[in-house]
$ cat final-v2.cif   # mmCIF, C-alpha atoms
data_protein
loop_
_atom_site.label_atom_id
_atom_site.label_comp_id
_atom_site.auth_asym_id
_atom_site.auth_seq_id
_atom_site.Cartn_x
_atom_site.Cartn_y
_atom_site.Cartn_z
CA MET A 1 106.96 92.32 113.21
CA GLY A 2 108.74 95.64 113.11
CA SER A 3 108.01 96.16 109.43
CA GLN A 4 107.15 99.71 108.49
CA VAL A 5 104.97 99.00 105.50
CA LYS A 6 101.85 101.10 105.18
CA LEU A 7 98.58 100.11 103.54
CA THR A 8 99.03 102.79 100.88
CA GLU A 9 102.28 101.19 99.74
CA LEU A 10 100.60 97.79 99.45
CA VAL A 11 97.68 99.25 97.53
CA ARG A 12 100.11 100.82 95.09
CA GLY A 13 102.54 97.89 94.93
CA LEU A 14 99.92 95.18 94.41
CA LYS A 15 97.39 97.30 92.50
CA LEU A 16 94.69 96.59 95.06
CA SER A 17 91.33 98.27 94.68
CA VAL A 18 90.11 99.96 97.82
CA ARG A 19 86.44 99.47 98.71
CA SER A 20 86.20 101.25 102.07
CA ALA A 21 88.00 103.69 104.34
CA ASP A 22 90.26 104.87 101.52
CA GLY A 23 91.10 107.96 103.54
CA ASP A 24 92.61 105.82 106.25
CA LEU A 25 95.40 103.95 104.48
CA GLU A 26 98.29 105.43 106.41
CA ARG A 27 98.13 102.63 108.92
CA GLU A 28 101.26 100.54 109.37
CA VAL A 29 100.91 96.81 108.93
CA THR A 30 102.46 94.61 111.65
CA GLY A 31 102.13 91.34 109.74
CA GLY A 32 99.62 89.21 107.93
CA TYR A 33 97.07 86.48 108.67
CA ALA A 34 95.24 84.39 106.08
CA SER A 35 92.11 82.46 107.07
CA ASP A 36 88.45 82.10 106.21
CA LEU A 37 87.35 81.00 109.66
CA LEU A 38 86.33 83.93 111.80
CA SER A 39 87.04 82.24 115.11
CA ASP A 40 90.51 81.35 113.88
CA VAL A 41 91.20 84.97 113.01
CA LEU A 42 89.85 86.09 116.38
CA ALA A 43 92.11 83.61 118.12
CA ASN A 44 95.33 83.94 116.17
CA SER A 45 95.66 87.28 114.41
CA GLU A 46 97.48 90.17 116.03
CA PRO A 47 96.50 93.84 116.23
CA GLY A 48 97.71 95.71 113.16
CA ASN A 49 97.70 92.57 111.00
CA LEU A 50 96.45 92.51 107.47
CA TRP A 51 93.76 89.84 107.01
CA ILE A 52 93.48 87.87 103.78
CA THR A 53 90.16 86.10 103.27
CA LEU A 54 87.43 85.24 100.79
CA GLN A 55 84.60 85.91 103.23
CA ILE A 56 82.63 88.97 102.15
CA HIS A 57 79.77 89.34 104.65
CA LYS A 58 79.78 92.10 107.17
CA ASN A 59 80.95 90.05 110.12
CA ILE A 60 84.48 90.30 108.75
CA VAL A 61 84.32 93.97 109.75
CA ALA A 62 83.28 93.04 113.28
CA VAL A 63 86.20 90.64 113.55
CA ALA A 64 88.68 93.16 112.12
CA SER A 65 87.42 95.83 114.46
CA MET A 66 87.48 93.49 117.46
CA LYS A 67 91.12 92.58 116.82
CA ASP A 68 92.09 96.06 115.69
CA LEU A 69 93.37 94.73 112.37
CA ALA A 70 94.98 97.10 109.85
CA GLY A 71 92.76 96.02 106.98
CA ILE A 72 91.18 93.21 104.99
CA ILE A 73 92.11 92.01 101.52
CA LEU A 74 89.48 89.99 99.66
CA VAL A 75 90.95 87.51 97.17
CA ASN A 76 89.83 85.92 93.89
CA GLY A 77 88.12 89.13 92.80
CA ARG A 78 85.41 88.72 95.40
CA GLU A 79 83.51 91.91 96.13
CA PRO A 80 82.28 92.91 99.61
CA GLU A 81 78.52 93.01 100.12
CA GLN A 82 76.99 96.48 100.28
CA ASP A 83 76.32 96.37 104.03
CA THR A 84 79.86 95.12 104.56
CA ILE A 85 81.14 98.29 102.89
CA GLU A 86 78.77 100.45 104.93
CA LYS A 87 79.85 98.86 108.19
CA ALA A 88 83.52 99.13 107.20
CA GLU A 89 83.10 102.83 106.50
CA ALA A 90 81.45 103.33 109.87
CA GLU A 91 84.17 101.42 111.71
CA ASN A 92 86.98 102.81 109.55
CA ILE A 93 88.21 99.41 108.43
CA ALA A 94 89.97 99.38 105.07
CA ILE A 95 88.75 96.68 102.68
CA MET A 96 90.77 96.03 99.55
CA VAL A 97 90.15 93.57 96.74
CA THR A 98 92.44 91.71 94.35
CA GLU A 99 92.01 89.26 91.51
CA MET A 100 94.84 87.15 92.97
CA PRO A 101 94.12 83.95 94.89
CA THR A 102 95.36 83.73 98.48
CA PHE A 103 98.56 81.82 97.73
CA GLU A 104 99.77 84.34 95.14
CA LEU A 105 98.82 87.31 97.26
CA VAL A 106 100.59 86.05 100.38
CA GLY A 107 103.73 85.39 98.34
CA ARG A 108 103.67 88.91 96.98
CA LEU A 109 103.06 90.34 100.44
CA TYR A 110 106.13 88.54 101.78
CA GLY A 111 108.08 90.11 98.93
CA LEU A 112 106.96 93.53 100.14
CA GLY A 113 108.08 92.89 103.70
CA ILE A 114 104.84 91.67 105.29
CA THR A 115 105.48 88.51 107.29
CA GLY A 116 103.39 86.16 109.36
CA THR A 117 102.85 86.63 113.06
CA LYS A 118 104.88 83.71 114.33
CA MET B 1 95.42 120.11 131.18
CA THR B 2 97.51 123.10 132.16
CA ALA B 3 99.13 125.48 129.66
CA GLU B 4 102.53 124.12 130.55
CA ASN B 5 101.91 120.48 129.83
CA LYS B 6 100.09 121.45 126.67
CA ILE B 7 103.25 123.06 125.33
CA SER B 8 105.29 120.01 126.15
CA LYS B 9 102.63 117.93 124.43
CA VAL B 10 103.10 119.94 121.23
CA GLN B 11 106.85 119.51 121.49
CA GLU B 12 106.40 115.81 121.88
CA LEU B 13 104.05 115.65 118.90
CA VAL B 14 106.33 117.58 116.60
CA TYR B 15 108.85 114.77 117.03
CA GLU B 16 106.19 112.09 116.77
CA ILE B 17 104.39 113.32 113.65
CA ARG B 18 106.22 112.69 110.45
CA VAL B 19 106.32 114.79 107.32
CA GLY B 20 104.44 112.09 105.43
CA ASP B 21 101.57 112.20 107.96
CA VAL B 22 100.72 115.86 107.40
CA MET B 23 101.85 116.64 103.84
CA LYS B 24 99.44 117.19 100.97
CA LYS B 25 99.49 114.13 98.76
CA ASN B 26 97.66 115.02 95.59
CA VAL B 27 100.31 117.22 94.07
CA ILE B 28 99.84 118.89 90.72
CA THR B 29 103.01 118.41 88.67
CA VAL B 30 104.33 119.24 85.22
CA GLY B 31 106.73 117.30 83.03
CA PRO B 32 110.10 118.77 81.97
CA GLN B 33 108.95 118.92 78.35
CA ASP B 34 105.68 120.75 79.10
CA ARG B 35 105.65 124.28 77.64
CA MET B 36 105.75 127.46 79.71
CA SER B 37 102.43 128.53 78.18
CA GLU B 38 100.78 125.31 79.44
CA PHE B 39 102.31 125.88 82.85
CA GLY B 40 100.80 129.38 82.88
CA LYS B 41 97.40 127.86 82.22
CA ILE B 42 97.81 125.43 85.14
CA LEU B 43 98.77 128.30 87.47
CA ARG B 44 95.65 130.16 86.48
CA GLU B 45 93.24 127.25 86.59
CA LYS B 46 94.50 125.58 89.75
CA ARG B 47 95.30 128.85 91.55
CA ILE B 48 98.67 127.64 92.75
CA SER B 49 102.02 129.41 92.94
CA GLY B 50 104.27 126.69 91.56
CA THR B 51 104.62 122.96 90.92
CA PRO B 52 107.33 120.29 91.06
CA VAL B 53 108.69 119.19 87.70
CA VAL B 54 108.57 115.42 87.54
CA ASP B 55 109.84 112.91 85.03
CA GLN B 56 108.51 109.36 85.55
CA GLY B 57 108.03 109.97 89.24
CA ARG B 58 111.49 111.49 89.71
CA LEU B 59 111.82 115.07 90.83
CA MET B 60 113.73 117.14 88.26
CA GLY B 61 113.12 120.60 89.67
CA VAL B 62 110.54 123.13 90.75
CA ILE B 63 108.91 125.82 88.67
CA SER B 64 107.19 128.77 90.31
CA ILE B 65 105.04 131.76 89.45
CA ASP B 66 108.21 133.90 89.77
CA ASP B 67 109.83 131.92 86.95
CA PHE B 68 106.70 132.37 84.91
CA ILE B 69 106.57 136.16 85.42
CA ARG B 70 110.26 136.45 84.53
CA TRP B 71 109.64 134.47 81.35
CA LEU B 72 106.68 136.72 80.46
CA ALA B 73 108.64 139.92 81.17
CA GLU B 74 111.49 138.83 78.97
CA ARG B 75 109.03 138.23 76.11
CA GLN B 76 110.80 135.06 75.08
CA GLU B 77 109.41 132.31 72.88
CA ASP B 78 107.53 129.42 74.36
CA CYS B 79 109.92 126.77 75.69
CA PRO B 80 109.93 123.61 77.88
CA VAL B 81 109.66 124.34 81.61
CA GLU B 82 112.91 122.51 82.28
CA ARG B 83 114.80 125.50 80.87
CA LYS B 84 113.27 127.92 83.37
CA MET B 85 112.90 125.76 86.47
CA THR B 86 115.06 125.73 89.58
CA LYS B 87 117.10 122.55 89.51
CA ASN B 88 118.71 122.17 92.89
CA VAL B 89 115.61 121.66 94.95
CA ARG B 90 115.78 121.24 98.71
CA THR B 91 113.57 118.34 99.68
CA LEU B 92 112.35 116.52 102.77
CA TYR B 93 111.92 112.79 103.21
CA ALA B 94 108.44 111.57 104.07
CA ASP B 95 109.72 109.66 107.11
CA GLU B 96 111.49 112.64 108.71
CA PRO B 97 109.89 114.00 111.87
CA ALA B 98 107.92 117.21 111.45
CA VAL B 99 110.44 119.00 113.68
CA GLN B 100 113.01 118.56 110.91
CA ALA B 101 110.71 120.38 108.53
CA VAL B 102 110.11 123.19 111.01
CA ASN B 103 113.88 123.71 111.34
CA LYS B 104 114.41 123.78 107.59
CA PHE B 105 111.57 126.25 107.09
CA ASP B 106 113.32 128.54 109.58
CA GLN B 107 116.82 128.04 108.18
CA LEU B 108 116.05 128.46 104.52
CA GLY B 109 113.05 130.76 104.64
CA PHE B 110 111.15 128.63 102.11
CA GLY B 111 107.38 128.57 102.00
CA ARG B 112 107.13 124.91 101.00
CA PHE B 113 109.13 121.77 100.50
CA VAL B 114 108.79 118.95 98.05
CA VAL B 115 108.57 115.62 99.87
CA ILE B 116 110.22 112.51 98.43
CA ASP B 117 110.39 108.87 99.43
CA ARG B 118 113.71 107.88 100.96
CA ARG B 119 113.98 104.59 99.12
CA ASP B 120 113.26 105.50 95.51
CA GLU B 121 113.60 109.30 95.70
CA LYS B 122 110.20 109.64 94.07
CA LEU B 123 107.89 112.54 94.73
CA VAL B 124 105.18 111.75 97.29
CA GLY B 125 103.84 115.14 98.35
CA ILE B 126 104.33 118.75 99.23
CA ILE B 127 104.38 120.38 102.65
CA THR B 128 103.86 123.90 103.99
CA LYS B 129 104.04 125.34 107.50
CA GLY B 130 100.26 125.42 107.44
CA ASP B 131 100.12 121.65 106.87
CA ILE B 132 102.27 121.05 109.95
CA ILE B 133 100.16 123.32 112.13
CA GLU B 134 96.98 121.68 110.87
CA GLY B 135 98.44 118.22 111.56
CA LEU B 136 99.48 119.19 115.08
CA LEU B 137 96.09 120.67 115.89
CA LYS B 138 94.29 117.56 114.70
CA LYS B 139 96.57 115.29 116.73
CA LEU B 140 96.19 117.49 119.81
CA GLU B 141 92.44 117.35 119.51
CA VAL B 142 92.45 113.56 119.27
CA ASP B 143 94.83 113.15 122.21
CA TYR B 144 92.87 115.63 124.24
CA TYR B 145 89.67 113.74 123.56
CA ASP B 146 91.32 110.45 124.55
CA GLU B 147 92.54 111.93 127.80
CA GLN B 148 89.12 113.38 128.52
CA THR B 149 87.27 110.15 128.02
CA ASN B 150 89.88 108.04 129.76
CA HIS B 151 89.74 110.35 132.68
CA ARG B 152 86.42 109.06 133.88
CA THR B 153 87.52 105.55 134.67
CA ILE B 154 85.42 102.95 136.37
CA GLN B 155 88.11 102.61 139.02
CA SER B 156 87.69 106.20 140.19
CA PHE B 157 83.94 105.62 140.19
CA PHE B 158 84.34 102.61 142.47
CA ASP B 159 86.57 104.67 144.74
CA ASP B 160 83.70 107.12 145.18
CA VAL B 161 81.15 104.48 146.08
CA LEU B 162 81.10 103.80 149.81
CA ALA B 163 79.89 100.23 150.01
CA ASP B 164 80.97 96.74 151.00
CA LYS B 165 80.33 95.60 147.47
CA ALA B 166 79.88 97.64 144.31
CA ALA B 167 79.30 96.65 140.71
CA LEU B 168 78.14 98.08 137.42
CA PHE B 169 75.67 95.96 135.50
CA PHE B 170 74.43 96.00 131.93
CA GLN B 171 72.36 93.61 129.87
CA TYR B 172 71.83 92.84 126.18
CA SER B 173 69.28 90.81 124.24
CA VAL B 174 70.46 88.77 121.28
CA THR B 175 68.01 87.58 118.63
CA GLY B 176 68.53 84.05 117.34
CA HIS B 177 69.35 83.40 113.65
CA ASP B 178 69.73 87.11 112.94
CA PHE B 179 73.06 87.19 111.13
CA ASN B 180 72.50 90.82 110.16
CA LYS B 181 73.03 91.92 113.72
CA ALA B 182 75.73 89.40 114.50
CA GLY B 183 78.58 90.95 116.45
CA GLU B 184 76.65 94.05 117.40
CA THR B 185 76.33 93.20 121.07
CA ALA B 186 80.02 92.36 121.43
CA SER B 187 80.84 95.61 119.69
CA ARG B 188 78.61 97.59 122.07
CA ILE B 189 80.17 95.87 125.06
CA LYS B 190 83.61 96.67 123.71
CA THR B 191 82.79 100.35 123.29
CA THR B 192 81.25 100.53 126.74
CA LEU B 193 84.22 98.95 128.50
CA LYS B 194 86.60 101.22 126.59
CA ARG B 195 84.64 104.25 127.72
CA LEU B 196 84.85 103.03 131.28
CA GLY B 197 88.64 103.23 130.96
CA ILE B 198 89.31 99.52 131.22
CA ALA B 199 92.72 98.43 129.91
CA PRO B 200 92.68 97.70 126.15
CA GLN B 201 93.95 94.11 126.46
CA ILE B 202 91.16 93.30 128.94
CA VAL B 203 88.60 94.96 126.68
CA ARG B 204 89.83 92.88 123.76
CA ARG B 205 89.52 89.65 125.73
CA VAL B 206 85.99 90.41 126.87
CA ALA B 207 85.06 91.49 123.34
CA ILE B 208 86.31 88.27 121.76
CA ALA B 209 84.69 86.07 124.39
CA THR B 210 81.33 87.82 124.11
CA TYR B 211 81.54 87.80 120.32
CA GLU B 212 81.92 84.03 120.30
CA ALA B 213 79.11 83.65 122.84
CA GLU B 214 76.90 85.98 120.83
CA MET B 215 77.59 83.95 117.67
CA ASN B 216 76.59 80.78 119.51
CA LEU B 217 73.29 82.36 120.51
CA ILE B 218 72.68 83.41 116.91
CA ILE B 219 73.70 80.15 115.24
CA TYR B 220 72.21 77.60 117.60
CA THR B 221 69.42 79.17 119.68
CA GLU B 222 66.26 81.24 119.44
CA GLY B 223 68.13 84.02 121.21
CA GLY B 224 69.20 84.89 124.69
CA GLU B 225 70.57 87.42 127.14
CA ILE B 226 74.10 88.59 127.79
CA ARG B 227 74.68 90.15 131.19
CA VAL B 228 77.88 91.97 132.03
CA ARG B 229 78.85 92.81 135.58
CA VAL B 230 81.89 95.00 136.16
CA GLU B 231 83.34 94.75 139.65
CA PRO B 232 86.45 96.51 141.00
CA HIS B 233 88.69 93.51 140.28
CA LYS B 234 86.86 91.43 137.71
CA ILE B 235 84.34 91.38 134.92
CA LEU B 236 81.68 88.67 134.99
CA VAL B 237 79.71 87.78 131.89
CA ARG B 238 76.68 85.51 131.92
CA VAL B 239 75.14 84.27 128.68
CA GLU B 240 71.79 82.49 128.90
CA ASP B 241 69.41 81.00 126.40
CA SER B 242 66.32 78.82 126.59
CA GLY B 243 67.22 75.99 124.27
CA PRO B 244 67.93 73.69 122.59
CA GLY B 245 70.77 72.87 125.02
CA ILE B 246 74.02 70.97 124.49
CA PRO B 247 73.75 67.15 124.69
CA ASP B 248 77.44 66.49 125.34
CA ILE B 249 79.37 69.35 126.95
CA GLU B 250 82.65 67.38 126.97
CA LYS B 251 82.47 67.03 123.22
CA ALA B 252 81.37 70.61 122.66
CA LEU B 253 84.49 71.80 124.45
CA GLN B 254 86.78 69.82 122.14
CA PRO B 255 88.53 72.03 119.59
CA GLY B 256 87.15 71.51 116.10
CA TYR B 257 83.95 69.79 117.23
CA SER B 258 80.97 71.51 115.68
CA THR B 259 77.31 70.82 114.97
CA ALA B 260 76.93 73.88 112.75
CA PRO B 261 75.08 73.33 109.47
CA GLU B 262 77.02 73.59 106.23
CA TRP B 263 75.68 77.01 105.20
CA VAL B 264 76.83 78.48 108.50
CA ARG B 265 80.30 77.03 108.00
CA GLU B 266 80.49 78.50 104.54
CA LEU B 267 80.16 81.90 106.13
CA GLY B 268 83.26 81.15 108.17
CA PHE B 269 81.41 80.43 111.42
CA GLY B 270 80.86 77.19 113.28
CA ALA B 271 84.44 75.96 113.06
CA GLY B 272 84.28 74.41 116.50
CA MET B 273 86.68 76.94 117.96
CA GLY B 274 84.31 79.31 119.71
CA LEU B 275 84.34 77.79 123.18
CA GLN B 276 88.12 77.37 122.89
CA ASN B 277 88.48 81.05 122.17
CA ILE B 278 86.28 81.89 125.12
CA ARG B 279 88.36 79.69 127.39
CA LYS B 280 91.56 81.33 126.16
CA CYS B 281 90.25 84.82 126.79
CA THR B 282 88.82 84.28 130.24
CA SER B 283 90.31 83.62 133.65
CA LYS B 284 87.54 81.14 134.46
CA MET B 285 84.73 79.68 132.40
CA GLY B 286 81.75 77.51 133.30
CA LEU B 287 79.24 75.87 130.98
CA MET B 288 75.99 74.29 132.12
CA SER B 289 73.32 72.96 129.84
CA VAL B 290 70.10 70.96 129.95
CA VAL B 291 68.77 69.62 126.67
CA GLY B 292 65.40 71.14 125.86
CA LYS B 293 65.79 73.72 128.59
CA GLY B 294 68.77 75.89 127.78
CA THR B 295 72.40 76.72 128.31
CA GLN B 296 74.19 79.00 130.70
CA LEU B 297 77.74 80.15 130.09
CA ARG B 298 79.61 82.05 132.77
CA MET B 299 82.91 83.76 132.27
CA ASN B 300 85.17 85.57 134.64
CA ILE B 301 87.85 87.95 133.43
CA SER B 302 90.19 89.20 136.12
CA LEU B 303 91.17 92.85 135.90
CA ASP B 304 94.33 92.23 137.91
CA ASP B 305 96.17 89.45 136.10
CA GLY B 306 95.08 90.58 132.65
CA VAL B 307 98.33 92.12 131.49
CA ALA B 308 100.47 89.17 132.52
CA SER B 309 98.36 86.36 131.15
CA GLU B 310 97.20 87.81 127.87
CA THR B 311 97.27 85.20 125.17
CA ASN B 312 95.79 87.13 122.28
#
$ encode --input "final-v2.cif" --output "C-alpha cells"
Amino acid sequence: MGSQVKLTELVRGLKLSVRSADGDLEREVTGGYASDLLSDVLANSEPGNLWITLQIHKNIVAVASMKDLAGIILVNGREPEQDTIEKAEAENIAIMVTEMPTFELVGRLYGLGITGTK
Amino acid sequence: MTAENKISKVQELVYEIRVGDVMKKNVITVGPQDRMSEFGKILREKRISGTPVVDQGRLMGVISIDDFIRWLAERQEDCPVERKMTKNVRTLYADEPAVQAVNKFDQLGFGRFVVIDRRDEKLVGIITKGDIIEGLLKKLEVDYYDEQTNHRTIQSFFDDVLADKAALFFQYSVTGHDFNKAGETASRIKTTLKRLGIAPQIVRRVAIATYEAEMNLIIYTEGGEIRVRVEPHKILVRVEDSGPGIPDIEKALQPGYSTAPEWVRELGFGAGMGLQNIRKCTSKMGLMSVVGKGTQLRMNISLDDGVASETN
C-alpha cells in the first residue's frame, strides 16, 4: 500500500498494450492481485488493485467494477473478447495485455513498486 | 452550494489537483540538432508558439516563435535550434500541486511551463493557465454532481415517511445459463444503492453478495428472482429459484466444494467460494433448499455495523 505508481507508468515501463479506457490511465495503483477465479478476486482483492489474470470474458469487467479495481492485465498474450472491450469502455475499466506469463509479470511489477495486498 | 463555500472548494481543489493531472501530455518537441528552418515549418503547421528542445527525453531548452523571428530578422544561415534556444528553462514537476504553478505564473509572468518528472527529470508535458482553469472546472463539475446525487439519500427519504414501518423494494429477474448477462443485476443493484446515498462499503458488500447469488442462478438454475428491500437500518436480499435445489446444504457451504461443470470452471466461475463470499459480506445469511423444488437464499446486511465489520 501507499505506492504512488500510476497505470500510465506501468504501461510505459512494461510495454503493455492498452485495449480499453486508454484515456483513464492516471489512476494510482494500490497493489496487485493475481488470480483466475472470479470469486477469489471478489473476496480478496482490494479497491485500487491491479488484477492479473488470463480470463478474457466480459465478467472480468463486472468483477473489476464491483471491487473498484484500478485495471486488469491479461497475460500470455491473451486478447479480450470484443464484448469485454465494449463493457470495459462503458465502465471505464482499463484492460492491458502483455506477452509475459503471470509469474514474470508479477516479478516485474514488484520491481516497479507494486506489492501484494497483505 | 453558496458562493462562499464554492470559493473555498476551488481553493481546496487547487491544492488537491496536481500539475500532472491537468497538463497537456502530447507535447510537440524538437531535437537540439534540428534546423531552424525545420522548426519554422513546425510552427506553421502545428500553429504553436514554441516547443521544448529535447534530447533522449531530457529537456535541453525551449525555443519560441520570438527566437525564430529574431533569427529571420538577422538573416543568418540555417543552424541547429540549440544555438538559438533559451537554455535555463524554469520547469514544474508533475507531482507539484496546481497552486504551485499558479504562484509561479504570477511571479515570473510566463505563459507556460514545461513539466518534468521528478525522478528522471524527463519531459512529461506542458502546462498553461488555461489548462489549470479547465482542470479546476472539470473537477468542480464532478464534485458538484456527486454532492447533488448524494444529497437525496434514502435516509432523508425515510425521515419524511410517517409510518411505523417503511421500506423501499425492488426486484430483478435473472435468466438461467445466460452468461452474456451475468453480473448485470448485481451491477444494477450497485448503481441503485449508490444513488440512494448508501455508504460505499455497504454498497460493495451487497454488490458482491448479489453477484455471487446471481452467478449461482445462472450456473445452476433455470433462472430466478432477486428481491432487494431497503429498510432504515438494514438491507434484505432474497434470492429464489425453482430448481434443481441443493441436495446437501452442509456440503455446499464448505469452502471449495463445487458441483460446477468443467467448462464453467474454465471461465473462472464455480470455484466453490460463492456462498463463502456471501457469508463474509452479510450480517446474516440463511439458505433453504428442497431438491426438485428450488432454493431460497436470504441475506441481511446491517446498515449500522457496516463500517466496523467490513471484511472486504
$ interface_residues --input "final-v2.cif" --of "chain A" --to "chain B" --cutoff "12 Å" --atoms "all atoms listed in the file" --output "number ranges by chain"
A: 4-6, 8-9, 23-28, 35-47, 53-68, 81, 83-84, 87, 91, 117
$ resolve_selection --input "final-v2.cif" --expression "the PyMOL selection byres ((chain B and resi 223) around 7)" --output "list in words"
Val174, Thr175, Gly176, Leu217, Ile218, Thr221, Glu222, Gly224 and Asp241 of chain B
$ resolve_selection --input "final-v2.cif" --expression "the PyMOL selection byres ((chain B and resi 300) around 6)" --output "ChimeraX atom specification"
/B:235-236,282-284,299,301
$ atom_distance --input "final-v2.cif" --atom1 "atom CA of A:Gly77" --atom2 "atom CA of A:Leu105"
11.7 Å
$ closest_residue --input "final-v2.cif" --among "B:Arg195, B:Ile63, B:Thr185, B:His233" --to "B:Thr210" --atoms "only C-alpha atoms"
B:Thr185
$ resolve_selection --input "final-v2.cif" --expression "the PyMOL selection byres ((chain B and resi 90-102) around 6)" --output "ChimeraX atom specification"
/B:14-15,17-20,89,103-105,113-118
$ residues_near_point --input "final-v2.cif" --point "(99.5, 118.8, 114.3)" --cutoff "10 Å" --atoms "all atoms listed in the file" --output "PyMOL selection string"
chain B and resi 10+13-14+16-18+21-22+98+130-141
$ atom_distance --input "final-v2.cif" --atom1 "atom CA of B:Pro200" --atom2 "atom CA of B:Asp178"
28.5 Å
$ atom_distance --input "final-v2.cif" --atom1 "atom CA of B:Tyr220" --atom2 "atom CA of B:Lys234"
28.5 Å
$ residues_around --input "final-v2.cif" --residues "stretch 292-294 of chain B" --least-positions-apart "4" --cutoff "10 Å" --atoms "all atoms listed in the file" --output "VMD selection string"
chain B and resid 221 224 240 to 247 288
$ residues_around --input "final-v2.cif" --residues "A:Val75" --least-positions-apart "2" --cutoff "7 Å" --atoms "all atoms listed in the file" --output "list in words"
Thr53, Leu54, Ile73, Gly77, Arg78, Val97, Thr98, Glu99, Met100, Pro101 and Thr102 of chain A
$ axis_aligned_box --input "final-v2.cif" --around "stretch 276-288 of chain B" --padding-each-side "4 Å" --output "AutoDock Vina command-line options"
--center_x 83.8 --center_y 79.6 --center_z 128.3 --size_x 23.6 --size_y 18.5 --size_z 20.3
$ closest_residue --input "final-v2.cif" --among "A:Ile72, A:Leu109, A:Val29, A:Ala94" --to "A:Leu14" --atoms "all atoms listed in the file"
A:Leu109
$ build_atoms --input "final-v2.cif" --residues "stretch 34-46 of chain B" --atoms "N, CA and C atoms" --output "PDB file, in the frame of the given file"
ATOM      1  N   ASP B  34     106.876 119.909  79.227  1.00  0.00           N
ATOM      2  CA  ASP B  34     105.680 120.750  79.100  1.00  0.00           C
ATOM      3  C   ASP B  34     106.115 122.189  78.804  1.00  0.00           C
ATOM      4  N   ARG B  35     105.284 122.916  78.033  1.00  0.00           N
ATOM      5  CA  ARG B  35     105.650 124.280  77.640  1.00  0.00           C
ATOM      6  C   ARG B  35     105.328 125.277  78.740  1.00  0.00           C
ATOM      7  N   MET B  36     106.018 126.395  78.743  1.00  0.00           N
ATOM      8  CA  MET B  36     105.750 127.460  79.710  1.00  0.00           C
ATOM      9  C   MET B  36     104.306 127.961  79.602  1.00  0.00           C
ATOM     10  N   SER B  37     103.797 128.034  78.360  1.00  0.00           N
ATOM     11  CA  SER B  37     102.430 128.530  78.180  1.00  0.00           C
ATOM     12  C   SER B  37     101.414 127.595  78.855  1.00  0.00           C
ATOM     13  N   GLU B  38     101.684 126.273  78.770  1.00  0.00           N
ATOM     14  CA  GLU B  38     100.780 125.310  79.440  1.00  0.00           C
ATOM     15  C   GLU B  38     100.871 125.474  80.950  1.00  0.00           C
ATOM     16  N   PHE B  39     102.099 125.682  81.416  1.00  0.00           N
ATOM     17  CA  PHE B  39     102.310 125.880  82.850  1.00  0.00           C
ATOM     18  C   PHE B  39     101.518 127.099  83.341  1.00  0.00           C
ATOM     19  N   GLY B  40     101.541 128.172  82.538  1.00  0.00           N
ATOM     20  CA  GLY B  40     100.800 129.380  82.880  1.00  0.00           C
ATOM     21  C   GLY B  40      99.309 129.093  83.037  1.00  0.00           C
ATOM     22  N   LYS B  41      98.812 128.228  82.166  1.00  0.00           N
ATOM     23  CA  LYS B  41      97.400 127.860  82.220  1.00  0.00           C
ATOM     24  C   LYS B  41      97.080 127.115  83.518  1.00  0.00           C
ATOM     25  N   ILE B  42      97.998 126.193  83.905  1.00  0.00           N
ATOM     26  CA  ILE B  42      97.810 125.430  85.140  1.00  0.00           C
ATOM     27  C   ILE B  42      97.792 126.366  86.347  1.00  0.00           C
ATOM     28  N   LEU B  43      98.730 127.338  86.355  1.00  0.00           N
ATOM     29  CA  LEU B  43      98.770 128.300  87.470  1.00  0.00           C
ATOM     30  C   LEU B  43      97.428 129.010  87.608  1.00  0.00           C
ATOM     31  N   ARG B  44      96.894 129.403  86.460  1.00  0.00           N
ATOM     32  CA  ARG B  44      95.650 130.160  86.480  1.00  0.00           C
ATOM     33  C   ARG B  44      94.481 129.285  86.909  1.00  0.00           C
ATOM     34  N   GLU B  45      94.399 128.110  86.321  1.00  0.00           N
ATOM     35  CA  GLU B  45      93.240 127.250  86.590  1.00  0.00           C
ATOM     36  C   GLU B  45      93.252 126.665  87.989  1.00  0.00           C
ATOM     37  N   LYS B  46      94.423 126.250  88.449  1.00  0.00           N
ATOM     38  CA  LYS B  46      94.500 125.580  89.750  1.00  0.00           C
ATOM     39  C   LYS B  46      94.756 126.564  90.895  1.00  0.00           C
TER      40      LYS B  46
END
